[in-house]
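Listing of query.cif; format and content: mmCIF, C-alpha atoms.
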```cif
data_run
#
loop_
_atom_site.label_atom_id
_atom_site.label_comp_id
_atom_site.auth_asym_id
_atom_site.auth_seq_id
_atom_site.Cartn_x
_atom_site.Cartn_y
_atom_site.Cartn_z
CA MET X 30 -36.25 -19.96 -84.31
CA HIS X 31 -39.40 -17.94 -84.71
CA LYS X 32 -42.55 -19.27 -86.31
CA SER X 33 -44.61 -17.03 -88.56
CA VAL X 34 -47.87 -17.06 -90.46
CA GLY X 35 -49.21 -15.05 -93.35
CA ALA X 36 -52.38 -15.06 -95.39
CA ILE X 37 -53.33 -14.17 -98.93
CA ILE X 38 -56.85 -12.73 -98.99
CA LYS X 39 -58.58 -12.04 -102.31
CA ASN X 40 -61.77 -10.12 -102.95
CA GLU X 41 -64.50 -11.02 -105.46
CA LYS X 42 -62.49 -9.29 -108.23
CA GLY X 43 -59.39 -11.39 -107.49
CA LYS X 44 -57.45 -8.49 -105.97
CA ILE X 45 -55.16 -9.26 -103.01
CA LEU X 46 -55.43 -7.40 -99.70
CA MET X 47 -52.05 -5.79 -98.99
CA ILE X 48 -50.79 -3.78 -96.04
CA GLU X 49 -47.90 -1.36 -95.95
CA ARG X 50 -46.02 -2.33 -92.82
CA LYS X 51 -45.34 0.30 -90.16
CA LYS X 52 -42.77 -1.85 -88.34
CA PHE X 53 -39.68 -3.76 -89.49
CA PRO X 54 -39.36 -5.34 -91.99
CA PRO X 55 -40.49 -2.53 -94.29
CA GLY X 56 -42.57 -2.88 -97.42
CA TRP X 57 -45.93 -4.13 -98.58
CA ALA X 58 -47.08 -7.53 -97.36
CA CYS X 59 -50.12 -9.65 -96.73
CA PRO X 60 -51.36 -9.81 -93.13
CA ALA X 61 -48.78 -11.78 -91.16
CA GLY X 62 -47.06 -12.18 -87.82
CA HIS X 63 -45.48 -14.45 -85.26
CA ILE X 64 -47.08 -17.54 -83.80
CA ASP X 65 -47.36 -17.14 -80.03
CA ARG X 66 -46.12 -19.88 -77.71
CA GLY X 67 -48.74 -22.63 -77.49
CA GLU X 68 -50.74 -21.21 -80.41
CA SER X 69 -51.49 -23.23 -83.54
CA PRO X 70 -50.49 -21.77 -86.92
CA GLU X 71 -54.17 -21.64 -87.93
CA ASN X 72 -55.21 -19.70 -84.82
CA ALA X 73 -52.23 -17.34 -85.22
CA MET X 74 -53.22 -16.65 -88.83
CA MET X 75 -56.82 -15.86 -87.84
CA ARG X 76 -55.63 -13.64 -84.96
CA GLU X 77 -53.18 -11.70 -87.12
CA ILE X 78 -55.83 -11.05 -89.78
CA LYS X 79 -58.29 -9.81 -87.15
CA GLU X 80 -55.63 -7.58 -85.53
CA GLU X 81 -54.21 -6.11 -88.74
CA VAL X 82 -57.22 -5.78 -91.04
CA GLY X 83 -60.31 -6.55 -88.92
CA LEU X 84 -61.63 -9.51 -90.92
CA ASN X 85 -62.94 -12.83 -89.57
CA VAL X 86 -61.60 -15.94 -91.31
CA LYS X 87 -64.26 -18.53 -92.10
CA GLU X 88 -62.38 -20.90 -94.42
CA PHE X 89 -58.72 -21.27 -95.44
CA LYS X 90 -56.15 -23.63 -96.90
CA LEU X 91 -52.42 -24.04 -96.34
CA LEU X 92 -50.35 -23.08 -99.40
CA ILE X 93 -46.77 -23.20 -98.08
CA HIS X 94 -44.94 -24.49 -95.03
CA LYS X 95 -41.24 -23.67 -95.31
CA PHE X 96 -38.30 -22.58 -93.19
CA VAL X 97 -36.68 -19.38 -94.51
CA ASP X 98 -33.17 -19.09 -93.07
CA TRP X 99 -32.53 -15.45 -94.11
CA ASN X 100 -35.85 -13.94 -92.97
CA LYS X 101 -35.18 -11.30 -90.29
CA CYS X 102 -37.77 -9.80 -87.93
CA SER X 103 -38.19 -6.81 -85.64
CA LYS X 104 -37.10 -8.94 -82.67
CA GLY X 105 -33.69 -9.52 -84.28
CA GLU X 106 -34.29 -13.19 -85.01
CA ILE X 107 -32.99 -14.52 -88.32
CA GLY X 108 -34.82 -17.52 -89.74
CA HIS X 109 -38.54 -18.19 -89.57
CA ASP X 110 -40.65 -21.30 -89.99
CA TRP X 111 -43.48 -19.97 -92.20
CA HIS X 112 -47.04 -21.14 -92.76
CA VAL X 113 -48.66 -19.26 -95.64
CA TYR X 114 -52.40 -19.64 -96.12
CA GLU X 115 -55.01 -18.62 -98.64
CA VAL X 116 -58.17 -17.32 -97.02
CA VAL X 117 -61.02 -18.81 -99.04
CA ASP X 118 -63.91 -17.22 -97.14
CA TYR X 119 -64.14 -14.34 -94.68
CA ASP X 120 -66.54 -11.76 -93.34
CA GLY X 121 -66.51 -8.49 -91.45
CA GLU X 122 -65.53 -4.96 -92.28
CA ILE X 123 -61.96 -4.00 -93.09
CA LYS X 124 -60.44 -1.99 -90.28
CA ARG X 125 -56.75 -1.19 -90.62
CA SER X 126 -54.52 -1.43 -87.53
CA LYS X 127 -53.01 2.03 -87.09
CA ASP X 128 -50.32 0.53 -84.83
CA GLU X 129 -49.04 -1.99 -87.38
CA THR X 130 -49.90 -0.57 -90.80
CA LYS X 131 -49.32 2.67 -92.70
CA ASN X 132 -51.74 1.81 -95.48
CA LEU X 133 -54.01 -0.92 -96.79
CA ARG X 134 -55.34 -1.60 -100.28
CA TRP X 135 -56.68 -4.22 -102.65
CA VAL X 136 -54.08 -4.84 -105.37
CA SER X 137 -54.23 -6.67 -108.71
CA ALA X 138 -51.49 -9.18 -109.56
CA ASN X 139 -50.18 -6.73 -112.19
CA ARG X 140 -49.97 -3.93 -109.62
CA LEU X 141 -48.11 -6.19 -107.13
CA ARG X 142 -45.06 -6.09 -109.42
CA LYS X 143 -44.85 -2.32 -108.92
CA LEU X 144 -45.09 -2.31 -105.12
CA ASP X 145 -42.10 -2.23 -102.79
CA LEU X 146 -42.85 -5.71 -101.44
CA GLU X 147 -41.38 -7.04 -98.23
CA LYS X 148 -38.65 -9.46 -99.39
CA VAL X 149 -40.27 -12.63 -98.04
CA TRP X 150 -43.60 -11.75 -99.69
CA ARG X 151 -41.90 -11.21 -103.05
CA MET X 152 -40.54 -14.74 -102.63
CA TRP X 153 -43.98 -16.20 -101.74
CA PHE X 154 -45.68 -14.47 -104.69
CA ASP X 155 -42.93 -15.74 -107.04
CA LYS X 156 -43.21 -19.27 -105.62
CA LEU X 157 -47.01 -19.23 -106.07
CA ASN X 158 -46.73 -17.81 -109.62
CA ILE X 159 -48.68 -14.69 -108.66
CA LEU X 160 -46.02 -12.24 -109.91
#
```
Would it be possible to restate this file's structure as structure tokens?
Amino acid sequence: MHKSVGAIIKNEKGKILMIERKKFPPGWACPAGHIDRGESPENAMMREIKEEVGLNVKEFKLLIHKFVDWNKCSKGEIGHDWHVYEVVDYDGEIKRSKDETKNLRWVSANRLRKLDLEKVWRMWFDKLNIL
């Protein structure tokens, strides 16, 4: 079983930072990735955000911790133990990872409905009443 993290990051206008994934699974998602062996979920979340969008996390809170049995990844694993966070405070300049992302943008909740969201992120946004 793989363990994964993801983070919802909002700007001062309430828009959510979204990335269009370059690797499987396809679609738009929040910054996310696997937890490395021996790494805490919190450290993995901060690392993934730095790697994918260049921001430094200063404050966060856990929103969801749930096992998703159907969630498939690029490594062929089915089923992930997810930790989904909200980043409350951050700093730094946005710098998109060209290896992991095709695109990056701030998106309003209304606009999220129109994006081709990665399946697990559609579920998280539904669960959190964002969509």
Resolved residues for the PyMOL selection byres ((chain X and resi 128-142) around 10) as a PyMOL selection string: chain X and resi 38-40+42-53+56-60+80-82+123-127+143-146+151+154+158-160
Selection in question (the file shown): the PyMOL selection byres ((chain X and resi 87) around 9). Which residues does it include, as number ranges by chain? X: 75, 85-86, 88-89, 116-120
Could you work out how far atom CA of Phe96 of chain X lies from atom CA of Met30 of chain X, giving the answer in Å with one decimal?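 Result for atom CA of Met30 of chain X versus atom CA of Phe96 of chain X: 9.5 Å, one decimal.
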Provide the atom CA of Ser69 of chain X to atom CA of Leu157 of chain X distance in Å, to one decimal place. 23.3 Å
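Pairwise distance (atom CA of Leu84 of chain X, atom CA of Asp155 of chain X) equals 25.5 Å.
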Using the chain letters and numbers from this file, what does the PyMOL selection byres ((chain X and resi 102) around 10) select? Give the answer as a PyMOL selection string. chain X and resi 31+33+52-54+62-63+99-101+103-109
Restricted to C-alpha atoms, what would the selected residues look like written as a compact mmCIF listing (two decimals), keeping the file's coordinate frame?
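Final output, saved to selection.txt:
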```txt
# COMPACT_ATOMS: atom_id res chain seq x y z
CA HIS X 31 -39.40 -17.94 -84.71
CA SER X 33 -44.61 -17.03 -88.56
CA LYS X 52 -42.77 -1.85 -88.34
CA PHE X 53 -39.68 -3.76 -89.49
CA PRO X 54 -39.36 -5.34 -91.99
CA GLY X 62 -47.06 -12.18 -87.82
CA HIS X 63 -45.48 -14.45 -85.26
CA TRP X 99 -32.53 -15.45 -94.11
CA ASN X 100 -35.85 -13.94 -92.97
CA LYS X 101 -35.18 -11.30 -90.29
CA SER X 103 -38.19 -6.81 -85.64
CA LYS X 104 -37.10 -8.94 -82.67
CA GLY X 105 -33.69 -9.52 -84.28
CA GLU X 106 -34.29 -13.19 -85.01
CA ILE X 107 -32.99 -14.52 -88.32
CA GLY X 108 -34.82 -17.52 -89.74
CA HIS X 109 -38.54 -18.19 -89.57
```
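Closest approach to Lys156 of chain X among X:Leu92, X:Tyr114, X:Gly121, X:Ala61 is made by X:Leu92 (distances from all atoms listed in the file).
Taking all atoms listed in the file into account, the protein, DNA and RNA residues within 7 Å of (-44.9, -19.0, -85.9) read His31, Lys32, Ser33, Val34, His63, Ile64, Asp65, Pro70, Asp110 and Trp111 of chain X.
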Report, as AutoDock Vina command-line options, the centre and edge lengths in Å (one decimal) of the axis-aligned box enclosing every listed atom of segment 104-113 of chain X, padded by 3 Å on each side.
```
--center_x -40.8 --center_y -15.1 --center_z -89.2 --size_x 21.7 --size_y 18.4 --size_z 19.0
```
